[in-house]
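Peer 1: The following block contains the structure, expressed as structure tokens.
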Amino acid sequence: MKIVHICPYFQPKLGYQETFLAKAQIKQGHDITVITSDAYFPYRDYAKIIQPILGKRLVGVGNFVEEGIPTIRLQRKFEFWNRVYLKNLEKSLTQIQPDLVIVHATCSLLAWQAARAKVKIGYQLICDDHMHLSIILQNKWLKKIVYKFFSLLFMGTIKKRTDKFVAITEETRQIMQDYYSIPKTRIEVVELGVDTDLFRRDQKERKLLRQKNNILKDDIVFIYAGKFIDDKGPKLLIDALTEFMLKDQRIKIMLIGNGSLKYTNSMKENLKKHQLEDRVIWMTMQPNKEVYKYYSAADIGVWPKQESICMLEAEACEVPVIIKDSPSMRKRVKNQNGLTYEESNLENLKKQIGKMLKSDYQVMGKKGRKLILKDFSWDKIAQRFIKI
């Protein structure tokens, strides 16, 4: 099958759905092309945080092969609030003549462009969505107005011509119902997944990384990977672990990511107060293909707030996790491979950390790997998109 993925920004070195889904479909024998813009996502503090990994934000127009994926980068004719309109998108689709187009952003100009081009070219169209409630709640009323305005102008065409909508969680499906006015019956939930060949427990890398960072054999390493922002909540992890670290010298924290200086400093307050700075290993954001090494070196993962694909990647590396309690997140620990806690409740998070430390968390980690292989591998998720 000839499949085109359309996304506003594409940075395969950082991974994520559009990269791994495309790779899995190539592996399954499909003819894949990604069509995207001529720039990377406008991350905050791009030059400092992202540029060391990706290079300059402006990539350029043309045909590329990125991480083994054929990629067409088109000029941004319009860009606002991370929404882009691509010049010559219909022309590129006409040249490719795809059987299936997957747009990775439902409430977007790209979905509207793909919906309009579908009439002329005649492909099947899937629009998927990755929105989280915590993002919606930022400037909630402004976003309601913007979505309402967008719906009046564009969503009618998108809803009429899209064959199926896909949400990455039940929460996302609810947002699509409430904000985009898409009927529940038209939305499939297809969770994010993991490249299980890349993300696996590597004992050699575990030993090397622990030696390099002065982590002893009996030390217990908690890990968090992602953005250092309040929506993700890594400060809550540090606050919860402080009293455990004071009682047990073996406990250490590994933090991988970047964030604002203000929030990062707030994460360090408790550590400085209790003189625990030397028990925390700070790592800048890493290329996706390197992250499995750090999960391999860790023992327990904690993601206190917003959903993250990092949770699943850690589970694939046999790391048991503690995550927030929600219908979507319970699916990620349904094989007794982790614990959930009441989101933002510090005392409840402490309770679950204590429970995890008393458990056989190594066995839990192995159960996590089995769950990922069964339900969350990109190979199986790629098959679901074809079935849909």
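A note on labels: chains of the structure tokens are A, B, ... as shown, every chain counts residues from 1, and ligands are counted from 1 in their shown order.
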Could you find all residues in segment 131-342 of chain A that DSSP calls strand (DSSP E) from the backbone, and write them as a PyMOL selection string?

Peer 2: chain A and resi 164-167+187-189+220-225+251-256+280-283+300-303+321-324+338-341

Peer 1: Quick one: residues within 10 Å of Leu276 of chain A, only C-alpha atoms counted, chain neighbours fewer than 4 positions away excluded, as a ChimeraX atom specification?

Peer 2: /A:242,245-246,249,252,268,270-272,280

Peer 1: Could you write out that same residue set with N, CA and C atoms as a PDB file, in the first residue's frame?

Peer 2:
ATOM      1  N   THR A 242      12.640  13.160  48.348  1.00  0.00           N
ATOM      2  CA  THR A 242      13.588  13.762  49.286  1.00  0.00           C
ATOM      3  C   THR A 242      13.694  12.990  50.593  1.00  0.00           C
ATOM      4  N   MET A 245      15.444   9.683  50.193  1.00  0.00           N
ATOM      5  CA  MET A 245      16.881   9.844  49.992  1.00  0.00           C
ATOM      6  C   MET A 245      17.598  10.142  51.305  1.00  0.00           C
ATOM      7  N   LEU A 246      16.932  10.869  52.195  1.00  0.00           N
ATOM      8  CA  LEU A 246      17.522  11.175  53.503  1.00  0.00           C
ATOM      9  C   LEU A 246      17.649   9.922  54.369  1.00  0.00           C
ATOM     10  N   GLN A 249      20.751   5.959  51.704  1.00  0.00           N
ATOM     11  CA  GLN A 249      21.845   6.494  50.881  1.00  0.00           C
ATOM     12  C   GLN A 249      21.920   5.855  49.498  1.00  0.00           C
ATOM     13  N   LYS A 252      19.066   7.245  44.317  1.00  0.00           N
ATOM     14  CA  LYS A 252      19.539   8.341  43.469  1.00  0.00           C
ATOM     15  C   LYS A 252      18.479   8.641  42.411  1.00  0.00           C
ATOM     16  N   LYS A 268      15.539  22.164  42.064  1.00  0.00           N
ATOM     17  CA  LYS A 268      16.755  21.996  42.874  1.00  0.00           C
ATOM     18  C   LYS A 268      16.610  22.500  44.311  1.00  0.00           C
ATOM     19  N   ASN A 270      14.669  21.759  47.036  1.00  0.00           N
ATOM     20  CA  ASN A 270      14.690  20.761  48.111  1.00  0.00           C
ATOM     21  C   ASN A 270      16.036  20.051  48.182  1.00  0.00           C
ATOM     22  N   LEU A 271      16.614  19.805  47.030  1.00  0.00           N
ATOM     23  CA  LEU A 271      17.910  19.121  46.991  1.00  0.00           C
ATOM     24  C   LEU A 271      18.985  19.942  47.705  1.00  0.00           C
ATOM     25  N   LYS A 272      18.999  21.246  47.422  1.00  0.00           N
ATOM     26  CA  LYS A 272      19.981  22.129  48.063  1.00  0.00           C
ATOM     27  C   LYS A 272      19.722  22.234  49.557  1.00  0.00           C
ATOM     28  N   VAL A 280      21.845  13.378  42.536  1.00  0.00           N
ATOM     29  CA  VAL A 280      21.027  13.546  41.335  1.00  0.00           C
ATOM     30  C   VAL A 280      21.928  13.647  40.107  1.00  0.00           C
TER      31      VAL A 280
END

Peer 1: Determine, counting only C-alpha atoms, which protein, DNA and RNA residues have an atom within 8 Å of an atom of segment 69-76 of chain A; residues of the same chain fewer than 6 positions away are not included. Present the result as a VMD selection string.

Peer 2: chain A and resid 22 to 23 32 to 38 60 to 63 84 to 89

Peer 1: Output the selection as a short mmCIF file (atom, residue, chain, number, x, y, z; two decimals), in the first residue's frame - C-alpha atoms for each residue.

Peer 2:
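Output contents, as saved in out.cif:
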data_model
loop_
_atom_site.label_atom_id
_atom_site.label_comp_id
_atom_site.auth_asym_id
_atom_site.auth_seq_id
_atom_site.Cartn_x
_atom_site.Cartn_y
_atom_site.Cartn_z
CA ALA A 22 6.37 5.18 9.32
CA LYS A 23 9.33 2.90 10.07
CA ILE A 32 5.92 5.30 2.74
CA THR A 33 6.48 9.03 2.31
CA VAL A 34 6.38 11.75 4.96
CA ILE A 35 5.34 15.23 3.84
CA THR A 36 6.18 18.00 6.28
CA SER A 37 7.37 21.60 6.58
CA ASP A 38 10.79 23.06 5.93
CA GLY A 60 15.00 23.72 3.80
CA VAL A 61 12.76 22.58 0.95
CA GLY A 62 13.40 19.37 -0.97
CA ASN A 63 13.42 15.57 -0.96
CA VAL A 84 1.17 25.44 9.26
CA TYR A 85 -0.16 25.67 5.71
CA LEU A 86 2.12 23.97 3.20
CA LYS A 87 2.75 25.29 -0.28
CA ASN A 88 2.27 22.70 -3.08
CA LEU A 89 0.85 20.00 -0.78
#

Peer 1: Nearest residue to Leu349 of chain A out of A:Val194, A:Leu54, A:Ile175, A:Leu237, using only C-alpha atoms?

Peer 2: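 That would be A:Leu237, the residue with the smallest distance to Leu349 of chain A.
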
Peer 1: Find the residues around Gln11 of chain A up to 10 Å (only C-alpha atoms counted), leave out those fewer than 5 positions away in its own chain, and share them as a list of chain:residue names.

Peer 2: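 Result of the neighbour search: A:Tyr16, A:Glu18, A:Thr19, A:Thr36, A:Ala39, A:Tyr40, A:Phe41, A:Leu54, A:Glu66, A:Glu67.
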
Peer 1: Just how far from atom CA of Ile126 of chain A is atom CA of Val101 of chain A, in Å to one decimal?

Peer 2: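 Spanning atom CA of Val101 of chain A to atom CA of Ile126 of chain A is a straight-line distance of 6.3 Å.
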
Peer 1: Go through A:Glu170, A:Tyr43, A:Glu188, A:Tyr179 one by one, measure the shortest atom-to-atom distance of each to Phe385 of chain A using only C-alpha atoms, and give the residue with the smallest value.

Peer 2: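 Smallest distance to Phe385 of chain A is found for A:Glu188.
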
Peer 1: I need the residue nearest Ile187 of chain A from this list: A:Pro234, A:Lys212, A:Ile353, A:Asp129. Use only C-alpha atoms for the distance.

Peer 2: A:Asp129

Peer 1: So which bits of segment 163-367 of chain A end up alpha helix (DSSP H) when you DSSP the backbone, as a PyMOL selection string?

Peer 2: chain A and resi 170-180+203-212+234-247+261-273+291-297+309-316+327-330+346-358+361-367

Peer 1: At a cut-off of 9 Å, using only C-alpha atoms, what residues contact Ile229 of chain A? Leave out same-chain residues fewer than 6 positions from it and give the result as a list in words.

Peer 2: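 Counting only C-alpha atoms, the residues come to Lys235, Asn258, Gly259, Ser260, Tyr263 and Thr264 of chain A.
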
Peer 1: I'd like the neighbourhood of Pro98 of chain A as a JSON list (two decimals) with C-alpha atoms, in the first residue's frame, where a residue qualifies if any of its atoms comes within 12 Å (using only C-alpha atoms), though same-chain residues fewer than 6 positions away should be ignored.

Peer 2:
[["chain", "number", "residue", "atom", "x", "y", "z"],
["A", 1, "MET", "CA", 0.00, 0.00, 0.00],
["A", 2, "LYS", "CA", 1.19, 3.54, -0.80],
["A", 3, "ILE", "CA", 0.91, 5.63, 2.38],
["A", 4, "VAL", "CA", 1.66, 9.31, 3.00],
["A", 5, "HIS", "CA", 2.09, 10.74, 6.50],
["A", 6, "ILE", "CA", 1.49, 14.48, 6.78],
["A", 30, "HIS", "CA", 4.41, -0.49, 2.46],
["A", 31, "ASP", "CA", 5.58, 2.41, 0.27],
["A", 32, "ILE", "CA", 5.92, 5.30, 2.74],
["A", 33, "THR", "CA", 6.48, 9.03, 2.31],
["A", 34, "VAL", "CA", 6.38, 11.75, 4.96],
["A", 35, "ILE", "CA", 5.34, 15.23, 3.84],
["A", 90, "GLU", "CA", -1.87, 19.00, -3.26],
["A", 92, "SER", "CA", 2.93, 16.53, -4.09],
["A", 114, "ALA", "CA", -5.64, 16.91, 2.79],
["A", 117, "ALA", "CA", -7.19, 17.25, -2.08],
["A", 118, "LYS", "CA", -8.90, 13.92, -1.38],
["A", 120, "LYS", "CA", -9.43, 15.07, -6.71],
["A", 121, "ILE", "CA", -7.01, 12.23, -5.89],
["A", 122, "GLY", "CA", -9.32, 9.69, -4.23],
["A", 123, "TYR", "CA", -7.31, 8.29, -1.28],
["A", 124, "GLN", "CA", -8.53, 7.10, 2.12],
["A", 125, "LEU", "CA", -7.98, 9.71, 4.86]]

Peer 1: Please provide the set of residues having any atom within 7 Å of segment 317-333 of chain A, restricted to only C-alpha atoms, with same-chain residues fewer than 2 positions apart removed, written as a count of residues only.

Peer 2: 33
